[in-house]
Amino acid sequence: METRGIIEAEDQGADLSLHFKGQWTIGSTFPPFTEIRSLLSETNDSICFDTKELQDWDSRFLIILNDIQEYAAANNILFTAEGLPSGAQRLLTLASASPGKVPVKPDDKSPSFLQTVGNKTSYLIQDSREFLSFTGKITLSYLRLFSGRAQFLTSDFLTFLEECGPAALPIVSLISILVGVILAFVGAVQLQMFGAEIYIANLVGLGMTREMGAMMAAIIMAGRTGAAFAAQLGTMQVNEEIDALQTMGIDPIDFLVLPRLSALLIMLPLLTLWADLLGISGGFLIAWFTLDISIIEYYNQTIDSISLRHFGVGLFKSIIFGYLVAFSGCLRGMQSGRSASAVGTAATSAVVTAIVLIVVSDAVMTVLFNILGI
Amino acid sequence: MQPQPLITVTNLTMAYGSFVLQRDLNFTVRQGDIFIIMGDSGCGKSTLLRHLIGLKKPTAGAVHFRDTDFWAVAEEQRSQIMRRCGILYQSSALLSSMTLAENVALPLRQHTTLGQDEIGDLVSLKLRLVGLAGFDNFYPSEISGGMKKRAGLARAIALDPEILFFDEPSAGLDPINARLMDDLILELRDSLGATVVIVTHELASIFAIGSDSIFLDGDSHTMIAQGAPHELLESTTNKKVKQFLTRGGSL
């Protein structure tokens, strides 16, 4: 049922009396202030109210009253609140109480293009500095660890080992089999044209061991573990746990970052080996089904084509990637602000940073290894 | 004339799994009351509040809002009742990704059909009522703890609630701000005509504004006292309540 609010004006020359009737609430319909203002005139000396027939009111009624009060003040008209419900009178007084010092909000008009470029550049410089300083802190922390002065909980470390290793096996297995399958498919179509089907084993073997095994495992861990690290440390930042560690004389890098970083540094190469194996098996499946290559042929060709050197390249990369993933996760977590949305931003940023660093460093390493003939 | 009962709690038992927090709670919050829930830490004060506002279902017993059994009615009706309640959480619970104005506007946007302009007017009115005029575009992270509480209050009164619930309204505030908070609660109670339920162990507030109260005991897992705080102080024979209200005998 729609309810209505009605206003009637009784102009008694100098004095204007406004009669409010019916419902003036959030759920009802009543004339807007623009309409009510036409009832008021600058020639009035005072405005008073009659609310005997007012059935119900809430904050929306107050807004109308507030507008009338402001209009009255602007035109030097006396505003007599006496006829209003006592609650409304008190709220009006409360609302018009002097606000104290007016806050100054740092100006939030959108910056010009040049300003944006400048801001981003200085942010980038700042961020790179923090990268370096965090790297330095981690190095110092490892030095402390090896000289026996850094401490973290063994139980923490074991949890992270499990989190970074066995717990990630299913997803790493699935993805690496599929990557092997994809590599083999792409190769199969091309190699068939030259009758060189058997070289599919070389393609998959080299592709997985040198590149894709390490890269896919690292990207999965960036999404899985890097984001988790950032969220954990970010939440600890929100709860002031990191401050507490610091005041207890415990270096948060030693206590929080070292176990995470070490766990990933140990586990990512192992995951990479596993990913290599499964990728090659995935490739074999395609070779077997679509090209009729037997398992013996495929096995021999694979053994011939990849040497320990290629595994070495993949493992070296995986150690670098492991460092980058844990580094990004921990850095973004430690940088996190102290709110729910800041923790979310930290987790997102950890994944993005990690993936960018992984791909860039992979490109650099691939070129370098090529030049060095490894 | 006895004011009408607004919330009636009968034989309420609260439990987490098999761990019973409180049992056999019986009390009535009457219209216009400032009702205080007090007790030692961990006795289930905040959990009781969660039962009263419908966030948690009683293990046994019932919570009646006027004549409606809160948990016997359909989900939709329950959420309609919840809409008539305003709640100020212990840590303000402002959404950190939104400005104060957007936080206060949220319930209005959700539950009314008002236009953008009118919501804007209401929001700035609410912020003025709690003394935060001009802070519309600030984010919760940019203001102090006391201001966050007041902003939370502005959001709690956005829909002109019949009942206002406060969880530790003066926790973390300095004495002056705690006093201002008390005054604000009283002022809003009188002018909005709302009923107020407060969980607190701030003695100053309990005596300054409480008109009725219950005392929950964490050891015996039930309520051990009920009545206006001043009268309780005079008349209670329970040692624990006496100690609580006199700060261990130091007052």
# chains A, B, ... in the order shown; residues from 1 in each chain; ligands from 1
>>> residues_around(residues="Phe244 of chain B", least_positions_apart="3", cutoff="12 Å", atoms="only C-alpha atoms", output="list in words")
Met38, Gly39, Asp40, Ser41, His201, Glu202, Leu203, Ile206, Phe215, Leu216, Asp217, Ala225, Pro229, Leu232, Leu233, Thr236, Asn238, Lys239, Lys240, Val241, Arg247, Gly248, Gly249, Ser250 and Leu251 of chain B
>>> write_last_selection(atoms="C-alpha atoms", output="mmCIF file, in the first residue's frame")
data_model
loop_
_atom_site.group_PDB
_atom_site.id
_atom_site.type_symbol
_atom_site.label_atom_id
_atom_site.label_comp_id
_atom_site.auth_asym_id
_atom_site.auth_seq_id
_atom_site.Cartn_x
_atom_site.Cartn_y
_atom_site.Cartn_z
ATOM 1 C CA MET B 38 27.622 -7.702 30.706
ATOM 2 C CA GLY B 39 29.797 -10.495 31.980
ATOM 3 C CA ASP B 40 33.360 -11.668 32.167
ATOM 4 C CA SER B 41 35.470 -12.188 29.067
ATOM 5 C CA HIS B 201 32.099 -4.125 30.257
ATOM 6 C CA GLU B 202 32.870 -0.440 30.444
ATOM 7 C CA LEU B 203 31.626 0.359 33.957
ATOM 8 C CA ILE B 206 27.023 0.817 32.214
ATOM 9 C CA PHE B 215 24.928 -10.459 33.856
ATOM 10 C CA LEU B 216 26.231 -13.611 32.172
ATOM 11 C CA ASP B 217 28.513 -15.856 34.156
ATOM 12 C CA ALA B 225 21.760 -11.250 37.769
ATOM 13 C CA PRO B 229 22.732 -1.437 36.941
ATOM 14 C CA LEU B 232 22.077 -4.215 41.017
ATOM 15 C CA LEU B 233 24.986 -2.433 42.617
ATOM 16 C CA THR B 236 23.014 -7.762 44.561
ATOM 17 C CA ASN B 238 26.131 -12.291 44.319
ATOM 18 C CA LYS B 239 29.804 -11.831 45.026
ATOM 19 C CA LYS B 240 30.870 -12.000 41.419
ATOM 20 C CA VAL B 241 28.390 -9.366 40.219
ATOM 21 C CA ARG B 247 35.880 -3.288 39.769
ATOM 22 C CA GLY B 248 36.986 -5.939 42.207
ATOM 23 C CA GLY B 249 36.076 -3.819 45.205
ATOM 24 C CA SER B 250 38.197 -0.816 44.288
ATOM 25 C CA LEU B 251 35.278 1.543 43.709
#
>>> interface_residues(of="chain A", to="chain B", cutoff="7 Å", atoms="only C-alpha atoms", output="ChimeraX atom specification")
/A:58-60,63,87-88,90-91,94-95,99,102-103,339-341
>>> write_last_selection(atoms="all heavy atoms", output="tab-separated table (two decimals), in the first residue's frame")
chain	number	residue	atom	x	y	z
A	58	ASP	N	10.49	9.87	9.40
A	58	ASP	CA	11.84	9.36	9.66
A	58	ASP	C	12.87	10.33	9.08
A	58	ASP	O	12.55	11.49	8.85
A	58	ASP	CB	12.01	7.93	9.14
A	58	ASP	CG	11.84	7.84	7.64
A	58	ASP	OD1	11.89	8.90	6.98
A	58	ASP	OD2	11.66	6.73	7.12
A	59	SER	N	14.04	9.83	8.80
A	59	SER	CA	15.13	10.72	8.37
A	59	SER	C	14.80	11.51	7.11
A	59	SER	O	15.31	12.59	6.89
A	59	SER	CB	16.39	9.92	8.09
A	59	SER	OG	16.71	9.15	9.19
A	60	ARG	N	13.93	10.97	6.28
A	60	ARG	CA	13.62	11.66	5.04
A	60	ARG	C	12.87	12.96	5.33
A	60	ARG	O	13.04	13.95	4.62
A	60	ARG	CB	12.76	10.74	4.17
A	60	ARG	CG	13.27	10.64	2.76
A	60	ARG	CD	12.52	9.61	2.01
A	60	ARG	NE	12.18	10.11	0.69
A	60	ARG	CZ	11.12	9.72	0.01
A	60	ARG	NH1	10.29	8.85	0.55
A	60	ARG	NH2	10.90	10.18	-1.18
A	63	ILE	N	15.31	15.63	6.26
A	63	ILE	CA	16.01	16.27	5.15
A	63	ILE	C	15.21	17.45	4.63
A	63	ILE	O	15.74	18.53	4.35
A	63	ILE	CB	16.28	15.24	4.04
A	63	ILE	CG1	17.32	14.29	4.60
A	63	ILE	CG2	16.73	15.88	2.76
A	63	ILE	CD1	17.92	13.37	3.63
A	87	GLY	N	11.54	14.56	18.90
A	87	GLY	CA	12.67	13.83	18.36
A	87	GLY	C	13.27	14.53	17.15
A	87	GLY	O	14.49	14.66	17.02
A	88	ALA	N	12.40	15.02	16.28
A	88	ALA	CA	12.86	15.72	15.08
A	88	ALA	C	13.61	16.99	15.45
A	88	ALA	O	14.64	17.32	14.85
A	88	ALA	CB	11.68	16.04	14.18
A	90	ARG	N	15.33	17.53	18.16
A	90	ARG	CA	16.65	17.19	18.70
A	90	ARG	C	17.59	16.77	17.59
A	90	ARG	O	18.77	17.14	17.59
A	90	ARG	CB	16.53	16.05	19.72
A	90	ARG	CG	15.65	16.41	20.89
A	90	ARG	CD	15.52	15.23	21.81
A	90	ARG	NE	16.74	15.05	22.57
A	90	ARG	CZ	16.73	14.67	23.84
A	90	ARG	NH1	15.59	14.44	24.45
A	90	ARG	NH2	17.86	14.50	24.47
A	91	LEU	N	17.07	15.97	16.66
A	91	LEU	CA	17.93	15.52	15.56
A	91	LEU	C	18.39	16.69	14.70
A	91	LEU	O	19.52	16.75	14.25
A	91	LEU	CB	17.20	14.48	14.70
A	91	LEU	CG	17.09	13.10	15.31
A	91	LEU	CD1	16.20	12.19	14.47
A	91	LEU	CD2	18.46	12.45	15.48
A	94	LEU	N	21.11	18.35	16.46
A	94	LEU	CA	22.31	17.51	16.39
A	94	LEU	C	22.96	17.63	15.01
A	94	LEU	O	24.18	17.74	14.89
A	94	LEU	CB	21.91	16.05	16.65
A	94	LEU	CG	22.99	15.06	17.02
A	94	LEU	CD1	23.73	15.53	18.26
A	94	LEU	CD2	22.38	13.69	17.29
A	95	ALA	N	22.11	17.65	13.98
A	95	ALA	CA	22.64	17.67	12.61
A	95	ALA	C	23.27	19.02	12.29
A	95	ALA	O	24.24	19.10	11.54
A	95	ALA	CB	21.55	17.35	11.61
A	99	PRO	N	30.31	21.47	12.81
A	99	PRO	CA	31.05	20.24	12.54
A	99	PRO	C	32.47	20.22	13.10
A	99	PRO	O	33.19	19.27	12.88
A	99	PRO	CB	31.08	20.19	11.01
A	99	PRO	CG	30.95	21.61	10.59
A	99	PRO	CD	30.15	22.31	11.64
A	102	VAL	N	36.85	21.46	9.76
A	102	VAL	CA	36.45	20.82	8.50
A	102	VAL	C	37.65	20.04	7.96
A	102	VAL	O	38.75	20.56	7.89
A	102	VAL	CB	35.99	21.87	7.48
A	102	VAL	CG1	35.63	21.22	6.17
A	102	VAL	CG2	34.81	22.64	8.05
A	103	PRO	N	37.45	18.76	7.67
A	103	PRO	CA	38.57	17.94	7.25
A	103	PRO	C	39.08	18.34	5.88
A	103	PRO	O	38.32	18.82	5.04
A	103	PRO	CB	37.96	16.54	7.18
A	103	PRO	CG	36.52	16.78	6.94
A	103	PRO	CD	36.17	18.05	7.64
A	339	SER	N	44.20	-3.46	5.33
A	339	SER	CA	42.76	-3.63	5.19
A	339	SER	C	42.46	-4.84	4.34
A	339	SER	O	43.35	-5.39	3.70
A	339	SER	CB	42.14	-2.38	4.55
A	339	SER	OG	42.54	-2.30	3.21
A	340	ALA	N	41.20	-5.25	4.36
A	340	ALA	CA	40.81	-6.44	3.59
A	340	ALA	C	41.16	-6.29	2.12
A	340	ALA	O	41.70	-7.19	1.50
A	340	ALA	CB	39.32	-6.68	3.76
A	341	SER	N	40.87	-5.09	1.55
A	341	SER	CA	41.12	-4.94	0.13
A	341	SER	C	42.62	-4.89	-0.16
A	341	SER	O	43.07	-5.33	-1.21
A	341	SER	CB	40.43	-3.69	-0.41
A	341	SER	OG	40.82	-2.57	0.32
>>> residues_around(residues="Asp212 of chain B", least_positions_apart="6", cutoff="12 Å", atoms="only C-alpha atoms", output="list in words")
Phe27, Thr28, Val29, Arg30, Gln31, Gly32, Asp33, Ile34, Phe35, Ile36, Ile37, Met38, Thr195, Val196, Val197, Ile198, Ile206, Ala225, Gln226, Gly227, Ala228, Pro229, His230, Glu231 and Leu232 of chain B
>>> write_last_selection(atoms="N, CA and C atoms", output="JSON list (two decimals), in the first residue's frame")
[["chain", "number", "residue", "atom", "x", "y", "z"],
["B", 27, "PHE", "N", 15.05, -13.36, 29.41],
["B", 27, "PHE", "CA", 14.96, -11.92, 29.71],
["B", 27, "PHE", "C", 14.15, -11.21, 28.64],
["B", 28, "THR", "N", 13.79, -9.99, 28.93],
["B", 28, "THR", "CA", 12.96, -9.19, 28.03],
["B", 28, "THR", "C", 13.59, -7.82, 27.84],
["B", 29, "VAL", "N", 13.70, -7.41, 26.60],
["B", 29, "VAL", "CA", 14.12, -6.04, 26.33],
["B", 29, "VAL", "C", 12.88, -5.24, 26.00],
["B", 30, "ARG", "N", 12.62, -4.17, 26.79],
["B", 30, "ARG", "CA", 11.40, -3.40, 26.56],
["B", 30, "ARG", "C", 11.69, -2.17, 25.70],
["B", 31, "GLN", "N", 10.65, -1.71, 25.04],
["B", 31, "GLN", "CA", 10.75, -0.54, 24.16],
["B", 31, "GLN", "C", 11.35, 0.64, 24.92],
["B", 32, "GLY", "N", 12.35, 1.27, 24.32],
["B", 32, "GLY", "CA", 12.95, 2.45, 24.93],
["B", 32, "GLY", "C", 14.04, 2.15, 25.93],
["B", 33, "ASP", "N", 14.25, 0.87, 26.22],
["B", 33, "ASP", "CA", 15.31, 0.48, 27.14],
["B", 33, "ASP", "C", 16.68, 0.79, 26.57],
["B", 34, "ILE", "N", 17.65, 0.99, 27.47],
["B", 34, "ILE", "CA", 19.04, 0.82, 27.07],
["B", 34, "ILE", "C", 19.50, -0.39, 27.85],
["B", 35, "PHE", "N", 19.55, -1.50, 27.15],
["B", 35, "PHE", "CA", 19.72, -2.80, 27.78],
["B", 35, "PHE", "C", 21.18, -3.23, 27.69],
["B", 36, "ILE", "N", 21.77, -3.50, 28.83],
["B", 36, "ILE", "CA", 23.20, -3.83, 28.86],
["B", 36, "ILE", "C", 23.40, -5.33, 29.05],
["B", 37, "ILE", "N", 24.23, -5.92, 28.22],
["B", 37, "ILE", "CA", 24.63, -7.31, 28.43],
["B", 37, "ILE", "C", 26.06, -7.28, 28.93],
["B", 38, "MET", "N", 26.25, -7.73, 30.20],
["B", 38, "MET", "CA", 27.62, -7.70, 30.71],
["B", 38, "MET", "C", 28.02, -9.08, 31.20],
["B", 195, "THR", "N", 15.24, 1.49, 20.57],
["B", 195, "THR", "CA", 15.65, 0.71, 21.73],
["B", 195, "THR", "C", 17.09, 0.31, 21.52],
["B", 196, "VAL", "N", 17.86, 0.26, 22.61],
["B", 196, "VAL", "CA", 19.28, 0.04, 22.45],
["B", 196, "VAL", "C", 19.72, -1.18, 23.26],
["B", 197, "VAL", "N", 20.48, -2.07, 22.63],
["B", 197, "VAL", "CA", 21.06, -3.21, 23.33],
["B", 197, "VAL", "C", 22.57, -3.10, 23.21],
["B", 198, "ILE", "N", 23.25, -3.09, 24.36],
["B", 198, "ILE", "CA", 24.69, -2.87, 24.32],
["B", 198, "ILE", "C", 25.43, -4.01, 25.02],
["B", 206, "ILE", "N", 28.11, 1.63, 31.66],
["B", 206, "ILE", "CA", 27.02, 0.82, 32.21],
["B", 206, "ILE", "C", 26.18, 1.66, 33.16],
["B", 225, "ALA", "N", 22.37, -12.46, 37.23],
["B", 225, "ALA", "CA", 21.76, -11.25, 37.77],
["B", 225, "ALA", "C", 21.02, -10.52, 36.67],
["B", 226, "GLN", "N", 20.01, -9.77, 37.06],
["B", 226, "GLN", "CA", 19.22, -9.02, 36.10],
["B", 226, "GLN", "C", 18.66, -7.80, 36.80],
["B", 227, "GLY", "N", 18.64, -6.67, 36.11],
["B", 227, "GLY", "CA", 18.05, -5.47, 36.71],
["B", 227, "GLY", "C", 18.81, -4.23, 36.30],
["B", 228, "ALA", "N", 18.30, -3.06, 36.70],
["B", 228, "ALA", "CA", 18.97, -1.81, 36.38],
["B", 228, "ALA", "C", 20.33, -1.80, 37.08],
["B", 229, "PRO", "N", 21.38, -1.37, 36.38],
["B", 229, "PRO", "CA", 22.73, -1.44, 36.94],
["B", 229, "PRO", "C", 22.86, -0.80, 38.33],
["B", 230, "HIS", "N", 22.24, 0.37, 38.51],
["B", 230, "HIS", "CA", 22.35, 1.04, 39.81],
["B", 230, "HIS", "C", 21.75, 0.19, 40.92],
["B", 231, "GLU", "N", 20.56, -0.36, 40.63],
["B", 231, "GLU", "CA", 19.90, -1.18, 41.64],
["B", 231, "GLU", "C", 20.70, -2.44, 41.92],
["B", 232, "LEU", "N", 21.26, -3.02, 40.84],
["B", 232, "LEU", "CA", 22.08, -4.22, 41.02],
["B", 232, "LEU", "C", 23.23, -3.94, 41.97]]
>>> atom_distance(atom1="atom CA of Ile6 of chain A", atom2="atom CA of Leu54 of chain A")
8.9 Å
>>> residues_around(residues="Lys317 of chain A", least_positions_apart="4", cutoff="12 Å", atoms="only C-alpha atoms", output="MDAnalysis selection string")
chainID A and resid 209:218 265 268:269 272:273 310:313 321:324 358:366 368:369
>>> residues_around(residues="segment 64-75 of chain B", least_positions_apart="6", cutoff="9 Å", atoms="only C-alpha atoms", output="NGL selection string")
:B and (4-10 or 52 or 54 or 57-58 or 81)
>>> select_by_dssp(residues="segment 63-194 of chain B", states="alpha helix (DSSP H)", output="MDAnalysis selection string")
chainID B and resid 75:83 100:111 116:129 145:156 175:192
>>> select_by_dssp(residues="segment 3-227 of chain B", states="strand (DSSP E)", output="number ranges by chain")
B: 5-16, 19-30, 34-39, 60-65, 68-69, 85-88, 163-167, 195-199, 212-217, 222-226
>>> residues_around(residues="segment 10-12 of chain A", least_positions_apart="5", cutoff="12 Å", atoms="only C-alpha atoms", output="list in words")
Ser17, Leu18, His19, Phe20, Leu39, Leu40, Ser41, Thr43, Asn44, Asp45, Ser46, Ile47, Cys48, Phe49 and Asp50 of chain A
>>> closest_residue(among="A:Val367, A:Leu233, A:Val181, A:Val238", to="Trp288 of chain A", atoms="only C-alpha atoms")
A:Val181
>>> atom_distance(atom1="atom CA of Gly205 of chain A", atom2="atom CA of Ile220 of chain A")
20.4 Å
>>> closest_residue(among="B:Phe207, B:Tyr139, B:Phe166, B:Tyr16", to="Val104 of chain B", atoms="only C-alpha atoms")
B:Tyr139
>>> residues_around(residues="Ala228 of chain A", least_positions_apart="2", cutoff="12 Å", atoms="only C-alpha atoms", output="number ranges by chain")
A: 160, 163-164, 221-226, 230-235, 260, 325-326, 328-330, 332-333, 343-344, 346-351
>>> write_last_selection(atoms="N, CA, C and O atoms", output="compact mmCIF listing (two decimals), in the first residue's frame")
# COMPACT_ATOMS: atom_id res chain seq x y z
N PHE A 160 55.34 -25.81 5.36
CA PHE A 160 55.51 -25.19 4.04
C PHE A 160 56.05 -26.19 3.03
O PHE A 160 55.68 -26.15 1.86
N GLU A 163 53.17 -28.08 1.94
CA GLU A 163 52.31 -27.18 1.17
C GLU A 163 52.87 -26.95 -0.24
O GLU A 163 52.13 -26.89 -1.22
N CYS A 164 54.20 -26.83 -0.34
CA CYS A 164 54.83 -26.52 -1.63
C CYS A 164 55.13 -27.79 -2.42
O CYS A 164 55.47 -27.70 -3.60
N MET A 221 52.87 -22.83 -9.12
CA MET A 221 53.21 -22.49 -7.75
C MET A 221 53.00 -21.00 -7.47
O MET A 221 52.69 -20.60 -6.35
N ALA A 222 53.17 -20.16 -8.51
CA ALA A 222 52.93 -18.72 -8.31
C ALA A 222 51.46 -18.50 -7.96
O ALA A 222 51.13 -17.73 -7.07
N GLY A 223 50.57 -19.20 -8.68
CA GLY A 223 49.15 -19.03 -8.42
C GLY A 223 48.72 -19.67 -7.12
O GLY A 223 47.84 -19.18 -6.43
N ARG A 224 49.37 -20.79 -6.79
CA ARG A 224 48.95 -21.56 -5.64
C ARG A 224 49.60 -21.04 -4.37
O ARG A 224 48.94 -20.60 -3.44
N THR A 225 50.93 -21.08 -4.38
CA THR A 225 51.67 -20.83 -3.15
C THR A 225 52.07 -19.36 -2.99
O THR A 225 51.99 -18.80 -1.90
N GLY A 226 52.48 -18.73 -4.11
CA GLY A 226 52.87 -17.33 -4.04
C GLY A 226 51.73 -16.48 -3.51
O GLY A 226 51.90 -15.65 -2.61
N ALA A 230 51.47 -14.32 0.08
CA ALA A 230 51.13 -12.90 0.16
C ALA A 230 49.93 -12.69 1.07
O ALA A 230 49.91 -11.77 1.89
N ALA A 231 48.92 -13.57 0.95
CA ALA A 231 47.72 -13.41 1.77
C ALA A 231 48.03 -13.65 3.24
O ALA A 231 47.56 -12.91 4.12
N GLN A 232 48.87 -14.68 3.51
CA GLN A 232 49.22 -14.95 4.91
C GLN A 232 49.95 -13.76 5.53
O GLN A 232 49.56 -13.26 6.60
N LEU A 233 51.00 -13.31 4.85
CA LEU A 233 51.78 -12.21 5.42
C LEU A 233 50.96 -10.93 5.48
O LEU A 233 51.08 -10.15 6.42
N GLY A 234 50.11 -10.71 4.46
CA GLY A 234 49.27 -9.52 4.47
C GLY A 234 48.32 -9.52 5.66
O GLY A 234 48.15 -8.51 6.35
N THR A 235 47.71 -10.67 5.93
CA THR A 235 46.79 -10.75 7.07
C THR A 235 47.55 -10.57 8.39
O THR A 235 47.06 -9.94 9.31
N ARG A 260 59.51 -20.06 4.22
CA ARG A 260 58.71 -20.13 2.99
C ARG A 260 59.62 -20.24 1.78
O ARG A 260 59.44 -21.09 0.91
N VAL A 325 59.18 -16.81 -7.20
CA VAL A 325 57.80 -16.97 -6.72
C VAL A 325 57.71 -16.66 -5.24
O VAL A 325 56.87 -15.86 -4.80
N ALA A 326 58.60 -17.26 -4.44
CA ALA A 326 58.56 -17.01 -3.00
C ALA A 326 58.88 -15.56 -2.70
O ALA A 326 58.24 -14.92 -1.85
N SER A 328 58.34 -12.87 -4.66
CA SER A 328 57.20 -11.98 -4.96
C SER A 328 56.11 -12.13 -3.91
O SER A 328 55.55 -11.14 -3.45
N GLY A 329 55.80 -13.38 -3.56
CA GLY A 329 54.74 -13.60 -2.57
C GLY A 329 55.06 -12.92 -1.26
O GLY A 329 54.24 -12.18 -0.71
N CYS A 330 56.28 -13.15 -0.76
CA CYS A 330 56.65 -12.59 0.54
C CYS A 330 56.77 -11.07 0.47
O CYS A 330 56.30 -10.36 1.37
N ARG A 332 55.25 -8.90 -1.57
CA ARG A 332 53.94 -8.24 -1.65
C ARG A 332 53.18 -8.38 -0.34
O ARG A 332 52.45 -7.48 0.07
N GLY A 333 53.35 -9.53 0.32
CA GLY A 333 52.70 -9.71 1.62
C GLY A 333 53.22 -8.73 2.65
O GLY A 333 52.46 -8.11 3.39
N VAL A 343 44.91 -6.66 1.35
CA VAL A 343 45.40 -8.04 1.32
C VAL A 343 45.07 -8.67 -0.03
O VAL A 343 45.90 -9.37 -0.62
N GLY A 344 43.88 -8.39 -0.54
CA GLY A 344 43.50 -8.89 -1.86
C GLY A 344 44.44 -8.37 -2.93
O GLY A 344 44.91 -9.13 -3.78
N ALA A 346 47.45 -7.38 -2.50
CA ALA A 346 48.77 -7.98 -2.31
C ALA A 346 48.83 -9.35 -2.97
O ALA A 346 49.80 -9.68 -3.66
N ALA A 347 47.78 -10.15 -2.79
CA ALA A 347 47.77 -11.50 -3.37
C ALA A 347 47.79 -11.43 -4.89
O ALA A 347 48.56 -12.14 -5.55
N THR A 348 46.96 -10.56 -5.45
CA THR A 348 46.93 -10.41 -6.91
C THR A 348 48.29 -9.99 -7.42
O THR A 348 48.84 -10.55 -8.37
N SER A 349 48.82 -8.96 -6.76
CA SER A 349 50.08 -8.39 -7.21
C SER A 349 51.20 -9.41 -7.09
O SER A 349 52.12 -9.42 -7.92
N ALA A 350 51.14 -10.28 -6.08
CA ALA A 350 52.17 -11.31 -5.93
C ALA A 350 52.17 -12.23 -7.14
O ALA A 350 53.23 -12.54 -7.69
N VAL A 351 50.99 -12.64 -7.57
CA VAL A 351 50.91 -13.56 -8.71
C VAL A 351 51.39 -12.87 -9.99
O VAL A 351 52.19 -13.42 -10.75
